[in-house]
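Content type PDB, C-alpha atoms, from the file run-v4.pdb:
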```pdb
ATOM      1  CA  MET P  20      10.851  -8.844 -16.312
ATOM      2  CA  LEU P  21      13.715  -6.892 -14.834
ATOM      3  CA  SER P  22      17.333  -7.710 -15.520
ATOM      4  CA  ALA P  23      19.424  -9.039 -12.658
ATOM      5  CA  ASP P  24      21.236  -5.679 -12.587
ATOM      6  CA  ASP P  25      17.995  -3.781 -12.209
ATOM      7  CA  LEU P  26      16.795  -6.125  -9.465
ATOM      8  CA  THR P  27      20.015  -5.524  -7.574
ATOM      9  CA  LEU P  28      19.591  -1.772  -7.949
ATOM     10  CA  VAL P  29      15.951  -1.851  -6.800
ATOM     11  CA  ALA P  30      16.885  -3.963  -3.782
ATOM     12  CA  ALA P  31      19.900  -1.800  -2.901
ATOM     13  CA  LEU P  32      17.739   1.322  -3.014
ATOM     14  CA  HIS P  33      14.933  -0.203  -0.947
ATOM     15  CA  GLY P  34      15.550   2.265   1.847
ATOM     16  CA  GLY P  35      18.167   4.478   3.405
ATOM     17  CA  PHE P  36      18.359   6.939   0.519
ATOM     18  CA  PRO P  37      20.707   9.679   1.797
ATOM     19  CA  LEU P  38      19.406  12.956   3.185
ATOM     20  CA  SER P  39      22.380  14.890   1.872
ATOM     21  CA  ASP P  40      22.837  17.763  -0.538
ATOM     22  CA  ARG P  41      23.657  15.426  -3.469
ATOM     23  CA  PRO P  42      21.917  12.185  -2.483
ATOM     24  CA  TYR P  43      22.031  10.562  -5.931
ATOM     25  CA  ALA P  44      25.778  11.180  -6.112
ATOM     26  CA  GLU P  45      26.219   9.640  -2.657
ATOM     27  CA  ALA P  46      24.078   6.592  -3.461
ATOM     28  CA  ALA P  47      25.835   6.214  -6.810
ATOM     29  CA  THR P  48      29.228   6.045  -5.083
ATOM     30  CA  ARG P  49      27.957   3.159  -2.949
ATOM     31  CA  LEU P  50      26.609   1.406  -6.041
ATOM     32  CA  GLY P  51      29.785   1.999  -8.016
ATOM     33  CA  CYS P  52      28.298   4.170 -10.749
ATOM     34  CA  SER P  53      28.027   7.875 -11.500
ATOM     35  CA  GLU P  54      25.285  10.269 -10.413
ATOM     36  CA  ASP P  55      24.165  10.715 -14.043
ATOM     37  CA  VAL P  56      23.932   6.985 -14.639
ATOM     38  CA  LEU P  57      21.924   6.399 -11.446
ATOM     39  CA  ILE P  58      19.449   9.186 -12.253
ATOM     40  CA  GLU P  59      19.095   7.844 -15.784
ATOM     41  CA  ARG P  60      18.448   4.284 -14.598
ATOM     42  CA  LEU P  61      15.831   5.470 -12.099
ATOM     43  CA  GLN P  62      14.151   7.516 -14.837
ATOM     44  CA  ARG P  63      13.996   4.435 -17.022
ATOM     45  CA  LEU P  64      12.662   2.162 -14.254
ATOM     46  CA  LEU P  65       9.945   4.703 -13.434
ATOM     47  CA  ALA P  66       9.054   5.293 -17.078
ATOM     48  CA  HIS P  67       8.695   1.535 -17.671
ATOM     49  CA  GLY P  68       6.571   1.156 -14.559
ATOM     50  CA  ASP P  69       9.097  -1.163 -12.875
ATOM     51  CA  LEU P  70       9.046   1.248  -9.964
ATOM     52  CA  THR P  71       5.769   2.812  -8.923
ATOM     53  CA  ARG P  72       7.641   5.546  -7.104
ATOM     54  CA  PHE P  73      11.023   6.663  -5.858
ATOM     55  CA  GLY P  74      10.946   8.637  -2.626
ATOM     56  CA  PRO P  75       9.583   8.632   0.905
ATOM     57  CA  LEU P  76       7.050   5.978   1.908
ATOM     58  CA  PHE P  77       4.706   7.613   4.397
ATOM     59  CA  GLN P  78       2.766   6.000   7.217
ATOM     60  CA  ILE P  79       0.410   8.894   7.519
ATOM     61  CA  GLU P  80      -1.584   7.193  10.268
ATOM     62  CA  ARG P  81       1.305   7.909  12.600
ATOM     63  CA  ALA P  82       0.481  11.584  12.108
ATOM     64  CA  GLY P  83      -3.266  11.333  12.625
ATOM     65  CA  GLY P  84      -4.240  10.560   9.027
ATOM     66  CA  ARG P  85      -6.481   7.604   8.248
ATOM     67  CA  PHE P  86      -6.534   4.931   5.570
ATOM     68  CA  VAL P  87      -9.707   2.898   5.777
ATOM     69  CA  LEU P  88     -10.456  -0.150   3.653
ATOM     70  CA  ALA P  89     -14.092  -0.163   2.540
ATOM     71  CA  ALA P  90     -16.300  -2.190   0.219
ATOM     72  CA  MET P  91     -19.628  -2.094  -1.561
ATOM     73  CA  ALA P  92     -21.852  -4.626  -3.286
ATOM     74  CA  VAL P  93     -22.404  -2.966  -6.652
ATOM     75  CA  PRO P  94     -24.912  -4.322  -9.202
ATOM     76  CA  GLU P  95     -23.224  -5.059 -12.537
ATOM     77  CA  ALA P  96     -25.417  -2.564 -14.402
ATOM     78  CA  ARG P  97     -24.156   0.243 -12.171
ATOM     79  CA  PHE P  98     -20.551  -0.826 -11.838
ATOM     80  CA  SER P  99     -18.885   1.698 -14.131
ATOM     81  CA  GLU P 100     -21.035   4.570 -12.876
ATOM     82  CA  VAL P 101     -20.066   3.881  -9.261
ATOM     83  CA  ALA P 102     -16.402   3.351 -10.201
ATOM     84  CA  GLN P 103     -16.468   6.769 -11.845
ATOM     85  CA  LEU P 104     -17.972   8.340  -8.725
ATOM     86  CA  LEU P 105     -15.028   7.046  -6.669
ATOM     87  CA  ARG P 106     -12.511   7.989  -9.380
ATOM     88  CA  ASP P 107     -13.684  11.590  -9.087
ATOM     89  CA  MET P 108     -13.214  11.722  -5.312
ATOM     90  CA  PRO P 109      -9.708  12.777  -4.205
ATOM     91  CA  GLU P 110     -10.241  11.017  -0.864
ATOM     92  CA  ILE P 111     -10.295   7.609  -2.572
ATOM     93  CA  ALA P 112      -6.889   6.017  -3.198
ATOM     94  CA  HIS P 113      -7.102   2.462  -4.550
ATOM     95  CA  ASN P 114     -10.209   0.910  -5.954
ATOM     96  CA  TYR P 115     -10.341  -2.679  -7.196
ATOM     97  CA  ARG P 116     -12.954  -4.990  -8.541
ATOM     98  CA  ARG P 117     -12.550  -8.197  -6.560
ATOM     99  CA  GLU P 118     -14.078 -11.570  -7.247
ATOM    100  CA  SER P 119     -14.184 -14.630  -5.081
ATOM    101  CA  ALA P 120     -12.178 -17.676  -6.110
ATOM    102  CA  LEU P 121     -14.879 -19.883  -4.581
ATOM    103  CA  PRO P 122     -18.268 -20.763  -6.066
ATOM    104  CA  ALA P 123     -21.061 -18.446  -4.913
ATOM    105  CA  THR P 124     -23.290 -19.868  -2.192
ATOM    106  CA  THR P 125     -26.025 -17.224  -2.398
ATOM    107  CA  THR P 126     -27.585 -15.125  -5.112
ATOM    108  CA  ASP P 127     -26.829 -11.904  -3.227
ATOM    109  CA  ILE P 128     -24.397  -9.515  -4.863
ATOM    110  CA  PRO P 129     -21.068 -10.047  -3.089
ATOM    111  CA  LEU P 130     -18.867  -7.176  -1.904
ATOM    112  CA  ASN P 131     -17.207  -6.650  -5.278
ATOM    113  CA  MET P 132     -15.775  -3.127  -5.119
ATOM    114  CA  TRP P 133     -12.944  -2.638  -2.618
ATOM    115  CA  PHE P 134     -11.354   0.743  -2.074
ATOM    116  CA  VAL P 135      -9.307   2.767   0.381
ATOM    117  CA  ILE P 136     -10.454   6.037   1.908
ATOM    118  CA  ALA P 137      -7.362   8.217   2.563
ATOM    119  CA  VAL P 138      -7.897  11.342   4.649
ATOM    120  CA  GLY P 139      -5.828  13.658   6.810
ATOM    121  CA  SER P 140      -7.828  13.069   9.989
ATOM    122  CA  ALA P 141     -10.176  10.463  11.435
ATOM    123  CA  GLN P 142     -13.109  12.887  11.599
ATOM    124  CA  GLU P 143     -13.229  13.107   7.805
ATOM    125  CA  VAL P 144     -14.003   9.408   7.303
ATOM    126  CA  PRO P 145     -17.750   9.517   8.150
ATOM    127  CA  ARG P 146     -18.205  12.542   5.899
ATOM    128  CA  VAL P 147     -16.633  10.715   2.938
ATOM    129  CA  VAL P 148     -18.683   7.580   3.607
ATOM    130  CA  GLU P 149     -21.887   9.593   3.794
ATOM    131  CA  ARG P 150     -21.121  11.317   0.512
ATOM    132  CA  ILE P 151     -20.551   7.988  -1.266
ATOM    133  CA  GLU P 152     -23.706   6.470   0.205
ATOM    134  CA  GLN P 153     -25.832   9.450  -0.774
ATOM    135  CA  ALA P 154     -24.456   9.660  -4.297
ATOM    136  CA  SER P 155     -24.636   5.901  -4.937
ATOM    137  CA  ALA P 156     -27.602   4.839  -2.777
ATOM    138  CA  LEU P 157     -25.467   1.845  -1.751
ATOM    139  CA  THR P 158     -24.153   0.820   1.659
ATOM    140  CA  VAL P 159     -20.449   1.342   2.360
ATOM    141  CA  PHE P 160     -18.980  -1.332   4.628
ATOM    142  CA  GLN P 161     -15.956  -0.092   6.533
ATOM    143  CA  PHE P 162     -13.069  -2.369   7.478
ATOM    144  CA  PRO P 163     -10.752  -0.292   9.663
ATOM    145  CA  LYS P 164      -7.665  -2.055  11.018
ATOM    146  CA  GLU P 165      -8.308  -3.348  14.516
ATOM    147  CA  GLN P 166      -4.962  -5.065  14.809
ATOM    148  CA  GLU P 167      -1.944  -5.081  12.519
ATOM    149  CA  TYR P 168       0.178  -8.230  12.545
ATOM    150  CA  PHE P 169       3.876  -7.970  11.896
ATOM    151  CA  VAL P 170       4.659  -8.874   8.338
ATOM    152  CA  GLU P 171       7.972  -9.967   6.997
ATOM    153  CA  LEU P 172       7.486  -9.780   3.262
ATOM    154  CA  ARG P 173       9.936 -12.046   1.544
ATOM    155  CA  LEU P 174       9.018 -11.806  -2.081
ATOM    156  CA  PRO P 175      12.180 -13.037  -3.760
ATOM    157  CA  LEU P 176      13.493  -9.712  -5.101
ATOM    158  CA  THR P 177      17.076 -10.904  -4.634
ATOM    159  CA  GLU P 178      17.234  -8.515  -1.756
ATOM    160  CA  PRO P 179      20.764  -8.057  -0.432
ATOM    161  CA  HIS P 180      21.073  -8.183   3.348
ATOM    162  CA  HIS P 181      22.321  -4.654   3.807
ATOM    163  CA  ALA P 182      19.442  -3.086   1.912
ATOM    164  CA  THR P 183      16.530  -3.449   4.309
ATOM    165  CA  ALA P 184      16.340  -0.165   6.114
ATOM    166  CA  ARG P 185      12.861   0.036   7.613
TER     167      ARG P 185
ATOM    168  CA  MET J  30       0.613  11.080  18.666
ATOM    169  CA  PRO J  31       3.115  13.199  16.767
ATOM    170  CA  GLN J  32       1.356  15.780  14.656
ATOM    171  CA  LEU J  33       2.326  17.487  11.448
ATOM    172  CA  ASP J  34       2.516  21.240  11.178
ATOM    173  CA  ASP J  35       1.557  23.104   8.036
ATOM    174  CA  LEU J  36       5.022  22.941   6.539
ATOM    175  CA  ASP J  37       5.218  19.196   7.194
ATOM    176  CA  LEU J  38       1.909  18.718   5.395
ATOM    177  CA  ARG J  39       3.176  20.716   2.440
ATOM    178  CA  LEU J  40       6.313  18.609   2.470
ATOM    179  CA  VAL J  41       4.248  15.388   2.485
ATOM    180  CA  ARG J  42       2.190  16.607  -0.457
ATOM    181  CA  ALA J  43       5.304  17.737  -2.337
ATOM    182  CA  THR J  44       7.113  14.398  -1.937
ATOM    183  CA  GLN J  45       4.473  11.660  -1.740
ATOM    184  CA  ALA J  46       4.491  11.190  -5.509
ATOM    185  CA  GLY J  47       8.276  10.814  -5.423
ATOM    186  CA  LEU J  48      11.522  12.747  -5.265
ATOM    187  CA  PRO J  49      12.588  14.786  -8.291
ATOM    188  CA  LEU J  50      15.333  13.057 -10.271
ATOM    189  CA  VAL J  51      17.775  15.958 -10.237
ATOM    190  CA  PRO J  52      21.169  16.241  -8.519
ATOM    191  CA  ARG J  53      19.772  18.391  -5.657
ATOM    192  CA  PRO J  54      16.225  17.075  -5.143
ATOM    193  CA  TYR J  55      15.721  18.471  -1.629
ATOM    194  CA  GLU J  56      16.631  21.959  -2.744
ATOM    195  CA  LEU J  57      14.130  21.764  -5.597
ATOM    196  CA  ILE J  58      11.346  20.572  -3.287
ATOM    197  CA  GLY J  59      12.202  23.336  -0.819
ATOM    198  CA  ALA J  60      11.973  25.963  -3.524
ATOM    199  CA  SER J  61       8.384  24.901  -4.250
ATOM    200  CA  ILE J  62       7.223  25.215  -0.627
ATOM    201  CA  GLY J  63       9.373  28.042   0.705
ATOM    202  CA  LEU J  64      12.074  26.053   2.530
ATOM    203  CA  SER J  65      15.807  25.684   2.019
ATOM    204  CA  GLY J  66      17.203  22.316   0.973
ATOM    205  CA  GLU J  67      18.669  21.934   4.424
ATOM    206  CA  GLN J  68      15.321  22.597   6.123
ATOM    207  CA  VAL J  69      13.681  20.000   3.870
ATOM    208  CA  ARG J  70      16.329  17.424   4.850
ATOM    209  CA  GLU J  71      15.954  18.204   8.553
ATOM    210  CA  ARG J  72      12.181  17.823   8.383
ATOM    211  CA  LEU J  73      12.421  14.569   6.424
ATOM    212  CA  GLN J  74      14.916  13.301   8.998
ATOM    213  CA  SER J  75      12.486  14.136  11.795
ATOM    214  CA  LEU J  76       9.587  12.429   9.967
ATOM    215  CA  LEU J  77      11.784   9.323   9.575
ATOM    216  CA  ALA J  78      12.718   9.377  13.260
ATOM    217  CA  ARG J  79       9.047   9.636  14.244
ATOM    218  CA  GLY J  80       8.068   6.739  11.977
ATOM    219  CA  ILE J  81       5.846   8.929   9.802
ATOM    220  CA  ILE J  82       8.171   8.071   6.934
ATOM    221  CA  ARG J  83       8.771   4.338   6.898
ATOM    222  CA  ARG J  84      11.670   4.519   4.454
ATOM    223  CA  ILE J  85      13.012   6.578   1.565
ATOM    224  CA  GLY J  86      13.802   4.617  -1.559
ATOM    225  CA  ALA J  87      12.510   2.559  -4.441
ATOM    226  CA  VAL J  88       8.922   1.294  -4.386
ATOM    227  CA  PRO J  89       8.868  -1.654  -6.793
ATOM    228  CA  ASN J  90       5.842  -2.530  -8.856
ATOM    229  CA  HIS J  91       5.072  -6.116  -7.827
ATOM    230  CA  TYR J  92       3.246  -6.729 -11.102
ATOM    231  CA  ARG J  93       6.380  -5.907 -13.074
ATOM    232  CA  MET J  94       8.456  -8.140 -10.803
ATOM    233  CA  GLY J  95       6.343 -11.036 -12.008
ATOM    234  CA  PHE J  96       3.946 -11.104  -9.044
ATOM    235  CA  THR J  97       0.865 -10.587 -11.161
ATOM    236  CA  ALA J  98      -1.602 -12.483  -8.998
ATOM    237  CA  ASN J  99      -2.742 -10.934  -5.771
ATOM    238  CA  GLY J 100      -5.479 -12.368  -3.651
ATOM    239  CA  MET J 101      -7.092 -10.898  -0.580
ATOM    240  CA  SER J 102      -7.561 -13.947   1.608
ATOM    241  CA  VAL J 103     -10.184 -13.529   4.314
ATOM    242  CA  TRP J 104     -10.799 -15.835   7.258
ATOM    243  CA  ASP J 105     -13.468 -16.292   9.913
ATOM    244  CA  VAL J 106     -11.269 -17.017  12.912
ATOM    245  CA  ASP J 107     -12.204 -17.645  16.543
ATOM    246  CA  ASP J 108     -11.979 -14.286  18.351
ATOM    247  CA  GLY J 109      -9.946 -15.703  21.206
ATOM    248  CA  ARG J 110      -7.278 -17.146  18.929
ATOM    249  CA  VAL J 111      -7.141 -14.705  16.028
ATOM    250  CA  ASP J 112      -4.335 -12.499  17.393
ATOM    251  CA  ALA J 113      -1.878 -15.314  18.068
ATOM    252  CA  LEU J 114      -2.665 -16.894  14.692
ATOM    253  CA  GLY J 115      -2.501 -13.555  12.846
ATOM    254  CA  GLU J 116       1.069 -13.080  14.049
ATOM    255  CA  ARG J 117       1.981 -16.474  12.593
ATOM    256  CA  ILE J 118       0.290 -15.801   9.250
ATOM    257  CA  GLY J 119       2.215 -12.513   8.908
ATOM    258  CA  GLN J 120       5.470 -14.479   8.957
ATOM    259  CA  LEU J 121       4.631 -16.527   5.865
ATOM    260  CA  PRO J 122       6.435 -15.682   2.633
ATOM    261  CA  GLY J 123       4.110 -14.060   0.127
ATOM    262  CA  VAL J 124       1.978 -12.290   2.750
ATOM    263  CA  SER J 125       2.340  -8.513   2.363
ATOM    264  CA  HIS J 126      -0.302  -7.293   4.818
ATOM    265  CA  CYS J 127      -2.110  -9.019   7.641
ATOM    266  CA  TYR J 128      -4.830  -7.381   9.732
ATOM    267  CA  ARG J 129      -7.730  -8.099  12.021
ATOM    268  CA  ARG J 130     -10.770  -6.156  10.824
ATOM    269  CA  PRO J 131     -14.424  -6.003  11.915
ATOM    270  CA  ARG J 132     -17.083  -8.450  10.741
ATOM    271  CA  HIS J 133     -20.338  -7.129   9.263
ATOM    272  CA  LEU J 134     -22.893  -9.864   9.853
ATOM    273  CA  PRO J 135     -24.767 -11.209   8.021
ATOM    274  CA  GLN J 136     -23.048  -9.893   4.874
ATOM    275  CA  TRP J 137     -19.454 -10.398   6.011
ATOM    276  CA  ARG J 138     -18.254 -12.977   8.499
ATOM    277  CA  TYR J 139     -14.460 -12.727   8.025
ATOM    278  CA  ASN J 140     -12.250 -11.016  10.627
ATOM    279  CA  LEU J 141      -8.709 -11.878   9.468
ATOM    280  CA  PHE J 142      -7.366 -10.409   6.224
ATOM    281  CA  ALA J 143      -4.072 -11.535   4.648
ATOM    282  CA  MET J 144      -2.955 -10.133   1.291
ATOM    283  CA  LEU J 145      -1.254 -12.852  -0.753
ATOM    284  CA  HIS J 146       1.068 -12.406  -3.721
ATOM    285  CA  GLY J 147       2.183 -14.907  -6.308
ATOM    286  CA  ARG J 148       3.230 -15.308  -9.904
ATOM    287  CA  THR J 149       0.042 -17.194 -10.649
ATOM    288  CA  ARG J 150      -3.375 -17.671  -9.109
ATOM    289  CA  GLU J 151      -2.424 -21.257  -8.383
ATOM    290  CA  GLU J 152       0.551 -20.043  -6.336
ATOM    291  CA  VAL J 153      -1.764 -17.750  -4.351
ATOM    292  CA  MET J 154      -4.216 -20.605  -3.774
ATOM    293  CA  ARG J 155      -1.330 -22.762  -2.553
ATOM    294  CA  GLU J 156      -0.419 -20.067  -0.040
ATOM    295  CA  SER J 157      -4.030 -19.942   1.039
ATOM    296  CA  ARG J 158      -4.108 -23.719   1.612
ATOM    297  CA  GLU J 159      -1.005 -23.359   3.765
ATOM    298  CA  ILE J 160      -2.785 -20.725   5.867
ATOM    299  CA  ALA J 161      -5.866 -22.949   6.164
ATOM    300  CA  GLN J 162      -3.662 -25.662   7.639
ATOM    301  CA  ILE J 163      -2.143 -23.311  10.193
ATOM    302  CA  LEU J 164      -5.541 -21.955  11.240
ATOM    303  CA  GLY J 165      -6.998 -25.455  11.527
ATOM    304  CA  ASN J 166     -10.229 -25.670  13.495
ATOM    305  CA  ALA J 167      -9.912 -22.041  14.714
ATOM    306  CA  CYS J 168     -11.187 -21.063  11.270
ATOM    307  CA  SER J 169     -14.764 -21.831  10.250
ATOM    308  CA  ALA J 170     -14.833 -20.345   6.744
ATOM    309  CA  HIS J 171     -12.623 -18.501   4.312
ATOM    310  CA  ASP J 172     -12.491 -16.984   0.862
ATOM    311  CA  VAL J 173      -9.893 -15.564  -1.527
ATOM    312  CA  LEU J 174     -10.837 -12.454  -3.471
ATOM    313  CA  PHE J 175      -8.765 -11.787  -6.569
ATOM    314  CA  SER J 176      -8.538  -8.321  -8.022
ATOM    315  CA  THR J 177      -9.845  -8.627 -11.547
ATOM    316  CA  GLU J 178      -9.756  -4.947 -12.479
ATOM    317  CA  ILE J 179      -7.906  -1.885 -11.202
ATOM    318  CA  LEU J 180     -10.574   0.818 -11.091
ATOM    319  CA  LYS J 181      -8.361   3.480  -9.547
ATOM    320  CA  LYS J 182      -4.807   3.562  -8.325
ATOM    321  CA  THR J 183      -3.339   6.825  -7.172
ATOM    322  CA  GLY J 184      -1.242   5.379  -4.385
ATOM    323  CA  LEU J 185      -2.050   6.107  -0.790
ATOM    324  CA  ARG J 186      -1.889   9.860  -0.847
ATOM    325  CA  LEU J 187      -3.294  12.744   1.048
ATOM    326  CA  PRO J 188      -5.547  14.766  -1.199
ATOM    327  CA  GLY J 189      -3.814  17.957  -2.330
ATOM    328  CA  ASP J 190      -5.178  21.332  -1.321
TER     329      ASP J 190
END
```
What's the structure tokens form of this structure?
Amino acid sequence: MLSADDLTLVAALHGGFPLSDRPYAEAATRLGCSEDVLIERLQRLLAHGDLTRFGPLFQIERAGGRFVLAAMAVPEARFSEVAQLLRDMPEIAHNYRRESALPATTTDIPLNMWFVIAVGSAQEVPRVVERIEQASALTVFQFPKEQEYFVELRLPLTEPHHATAR
Amino acid sequence: MPQLDDLDLRLVRATQAGLPLVPRPYELIGASIGLSGEQVRERLQSLLARGIIRRIGAVPNHYRMGFTANGMSVWDVDDGRVDALGERIGQLPGVSHCYRRPRHLPQWRYNLFAMLHGRTREEVMRESREIAQILGNACSAHDVLFSTEILKKTGLRLPGD
């Protein structure tokens, strides 16, 4: 777990990182530390995996790119082979094995492999899907967003009020 | 729809894994794609203004913050009521994403997806029971799918060229 100091830092740097010549120095002044110390702390947080990233968070769909959630029902015997197929494709971002918390009601294989297709334009999606289906001989179910509901994520990260630049 | 030119795309690819941790990060990025530090900052500013960049800052790892359980809760909700209810579900603490997505009958009957986060599975299941109460009789079936293995995680990135 993170120290209270680190949590404060992570929350304070949630957004609004300066677009200036020496942004770390500017942010450090606001946080009351030196540029060196801030860079060092960020290095440590990234190295420990406390931060997955420090930088711009893109919404590439605003620029014509597409992220499409998709799923397959993969037989257990073929699971690692199919996972490897997706691992080798640069167009696939996340891929998770998912299992239902409820008891199964049928003997069919459930949708157990859930992944995200990430491409620069909408036209590329069918091409990627076709490639996966041909290589795996399995059906890809696509779950594009039809409607996004506003989310106010309030995981208790001890987020200070001033830190939520969107 | 705002579009990205070639330099923007190079800038996205050069920064989507993160900013370099050096005193002048924008200058360093610019040097790798043939722009000055100032041009990089202007382009990032424009991407922010157009909403293509949501924010610039720290992206915490929820697992390391103690939120080790994440469940994709999925709900079969009456089509006429799903949008109003989806807006309410998005307001609940612990919900990080909430979308309406297509059904694929007969294999998949659920049209509302809400990603739930908690410190334990039990916490996630509690959140899911809270949602079930809100949805009431508008919902005819639901499930919670826990991720039991990360098979690939590169972040949501455009493939490099």
Using only C-alpha atoms, tabulate the residues of chain J lying at most 7 Å from any atom of chain P, each with its closest atom pair and that distance in Å to one decimal, by chain and increasing residue number, as JSON lines.
```
{"residue": "J:Met30", "atom": "CA", "partner": "P:Ala82", "partner_atom": "CA", "distance": 6.6}
{"residue": "J:Pro31", "atom": "CA", "partner": "P:Ala82", "partner_atom": "CA", "distance": 5.6}
{"residue": "J:Gln32", "atom": "CA", "partner": "P:Ala82", "partner_atom": "CA", "distance": 5.0}
{"residue": "J:Leu33", "atom": "CA", "partner": "P:Ala82", "partner_atom": "CA", "distance": 6.2}
{"residue": "J:Thr44", "atom": "CA", "partner": "P:Pro75", "partner_atom": "CA", "distance": 6.9}
{"residue": "J:Gln45", "atom": "CA", "partner": "P:Pro75", "partner_atom": "CA", "distance": 6.5}
{"residue": "J:Ala46", "atom": "CA", "partner": "P:Arg72", "partner_atom": "CA", "distance": 6.7}
{"residue": "J:Gly47", "atom": "CA", "partner": "P:Gly74", "partner_atom": "CA", "distance": 4.4}
{"residue": "J:Leu48", "atom": "CA", "partner": "P:Gly74", "partner_atom": "CA", "distance": 4.9}
{"residue": "J:Leu50", "atom": "CA", "partner": "P:Ile58", "partner_atom": "CA", "distance": 6.0}
{"residue": "J:Pro52", "atom": "CA", "partner": "P:Arg41", "partner_atom": "CA", "distance": 5.7}
{"residue": "J:Arg53", "atom": "CA", "partner": "P:Arg41", "partner_atom": "CA", "distance": 5.4}
{"residue": "J:Arg70", "atom": "CA", "partner": "P:Leu38", "partner_atom": "CA", "distance": 5.7}
{"residue": "J:Gly80", "atom": "CA", "partner": "P:Arg81", "partner_atom": "CA", "distance": 6.9}
{"residue": "J:Ile81", "atom": "CA", "partner": "P:Gln78", "partner_atom": "CA", "distance": 5.0}
{"residue": "J:Ile82", "atom": "CA", "partner": "P:Phe77", "partner_atom": "CA", "distance": 4.3}
{"residue": "J:Arg83", "atom": "CA", "partner": "P:Leu76", "partner_atom": "CA", "distance": 5.5}
{"residue": "J:Arg84", "atom": "CA", "partner": "P:Gly34", "partner_atom": "CA", "distance": 5.2}
{"residue": "J:Ile85", "atom": "CA", "partner": "P:Pro75", "partner_atom": "CA", "distance": 4.1}
{"residue": "J:Gly86", "atom": "CA", "partner": "P:Gly34", "partner_atom": "CA", "distance": 4.5}
{"residue": "J:Ala87", "atom": "CA", "partner": "P:Phe73", "partner_atom": "CA", "distance": 4.6}
{"residue": "J:Val88", "atom": "CA", "partner": "P:Arg72", "partner_atom": "CA", "distance": 5.2}
{"residue": "J:Pro89", "atom": "CA", "partner": "P:Leu70", "partner_atom": "CA", "distance": 4.3}
{"residue": "J:Asn90", "atom": "CA", "partner": "P:Leu70", "partner_atom": "CA", "distance": 5.1}
{"residue": "J:Arg93", "atom": "CA", "partner": "P:Asp69", "partner_atom": "CA", "distance": 5.5}
{"residue": "J:Met94", "atom": "CA", "partner": "P:Met20", "partner_atom": "CA", "distance": 6.0}
{"residue": "J:Gly95", "atom": "CA", "partner": "P:Met20", "partner_atom": "CA", "distance": 6.6}
{"residue": "J:Gly115", "atom": "CA", "partner": "P:Tyr168", "partner_atom": "CA", "distance": 6.0}
{"residue": "J:Glu116", "atom": "CA", "partner": "P:Tyr168", "partner_atom": "CA", "distance": 5.2}
{"residue": "J:Gly119", "atom": "CA", "partner": "P:Val170", "partner_atom": "CA", "distance": 4.4}
{"residue": "J:Gln120", "atom": "CA", "partner": "P:Glu171", "partner_atom": "CA", "distance": 5.5}
{"residue": "J:Pro122", "atom": "CA", "partner": "P:Arg173", "partner_atom": "CA", "distance": 5.2}
{"residue": "J:Gly123", "atom": "CA", "partner": "P:Leu174", "partner_atom": "CA", "distance": 5.8}
{"residue": "J:Val124", "atom": "CA", "partner": "P:Leu172", "partner_atom": "CA", "distance": 6.1}
{"residue": "J:Ser125", "atom": "CA", "partner": "P:Leu172", "partner_atom": "CA", "distance": 5.4}
{"residue": "J:His126", "atom": "CA", "partner": "P:Val170", "partner_atom": "CA", "distance": 6.3}
{"residue": "J:Cys127", "atom": "CA", "partner": "P:Tyr168", "partner_atom": "CA", "distance": 5.5}
{"residue": "J:Tyr128", "atom": "CA", "partner": "P:Glu167", "partner_atom": "CA", "distance": 4.6}
{"residue": "J:Arg129", "atom": "CA", "partner": "P:Gln166", "partner_atom": "CA", "distance": 5.0}
{"residue": "J:Arg130", "atom": "CA", "partner": "P:Lys164", "partner_atom": "CA", "distance": 5.1}
{"residue": "J:Pro131", "atom": "CA", "partner": "P:Phe162", "partner_atom": "CA", "distance": 5.9}
{"residue": "J:Asp172", "atom": "CA", "partner": "P:Ser119", "partner_atom": "CA", "distance": 6.6}
{"residue": "J:Val173", "atom": "CA", "partner": "P:Ala120", "partner_atom": "CA", "distance": 5.5}
{"residue": "J:Leu174", "atom": "CA", "partner": "P:Ser119", "partner_atom": "CA", "distance": 4.3}
{"residue": "J:Phe175", "atom": "CA", "partner": "P:Arg117", "partner_atom": "CA", "distance": 5.2}
{"residue": "J:Ser176", "atom": "CA", "partner": "P:Arg117", "partner_atom": "CA", "distance": 4.3}
{"residue": "J:Thr177", "atom": "CA", "partner": "P:Arg116", "partner_atom": "CA", "distance": 5.7}
{"residue": "J:Glu178", "atom": "CA", "partner": "P:Arg116", "partner_atom": "CA", "distance": 5.1}
{"residue": "J:Ile179", "atom": "CA", "partner": "P:Tyr115", "partner_atom": "CA", "distance": 4.8}
{"residue": "J:Leu180", "atom": "CA", "partner": "P:Asn114", "partner_atom": "CA", "distance": 5.2}
{"residue": "J:Lys181", "atom": "CA", "partner": "P:Asn114", "partner_atom": "CA", "distance": 4.8}
{"residue": "J:Lys182", "atom": "CA", "partner": "P:His113", "partner_atom": "CA", "distance": 4.6}
{"residue": "J:Thr183", "atom": "CA", "partner": "P:Ala112", "partner_atom": "CA", "distance": 5.4}
{"residue": "J:Gly184", "atom": "CA", "partner": "P:Ala112", "partner_atom": "CA", "distance": 5.8}
{"residue": "J:Leu185", "atom": "CA", "partner": "P:Ala112", "partner_atom": "CA", "distance": 5.4}
{"residue": "J:Arg186", "atom": "CA", "partner": "P:Ala137", "partner_atom": "CA", "distance": 6.7}
{"residue": "J:Leu187", "atom": "CA", "partner": "P:Val138", "partner_atom": "CA", "distance": 6.0}
{"residue": "J:Pro188", "atom": "CA", "partner": "P:Pro109", "partner_atom": "CA", "distance": 5.5}
```
message = What would the selection look like, as number ranges by chain, if the PyMOL selection byres ((chain J and resi 108) around 10) were run on the coordinates I just shared?
response = J: 105-107, 109-112, 129, 140-141, 167-168
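Every protein, DNA or RNA residue with an atom at most 12 Å from Gln68 of chain J, where all atoms listed in the file count and chain neighbours fewer than 3 positions away do not, is listed here: P:Leu38, P:Ser39, P:Asp40, J:Leu36, J:Asp37, J:Leu40, J:Tyr55, J:Glu56, J:Leu57, J:Ile58, J:Gly59, J:Ala60, J:Ile62, J:Gly63, J:Leu64, J:Ser65, J:Glu71, J:Arg72, J:Leu73, J:Gln74, J:Ser75.
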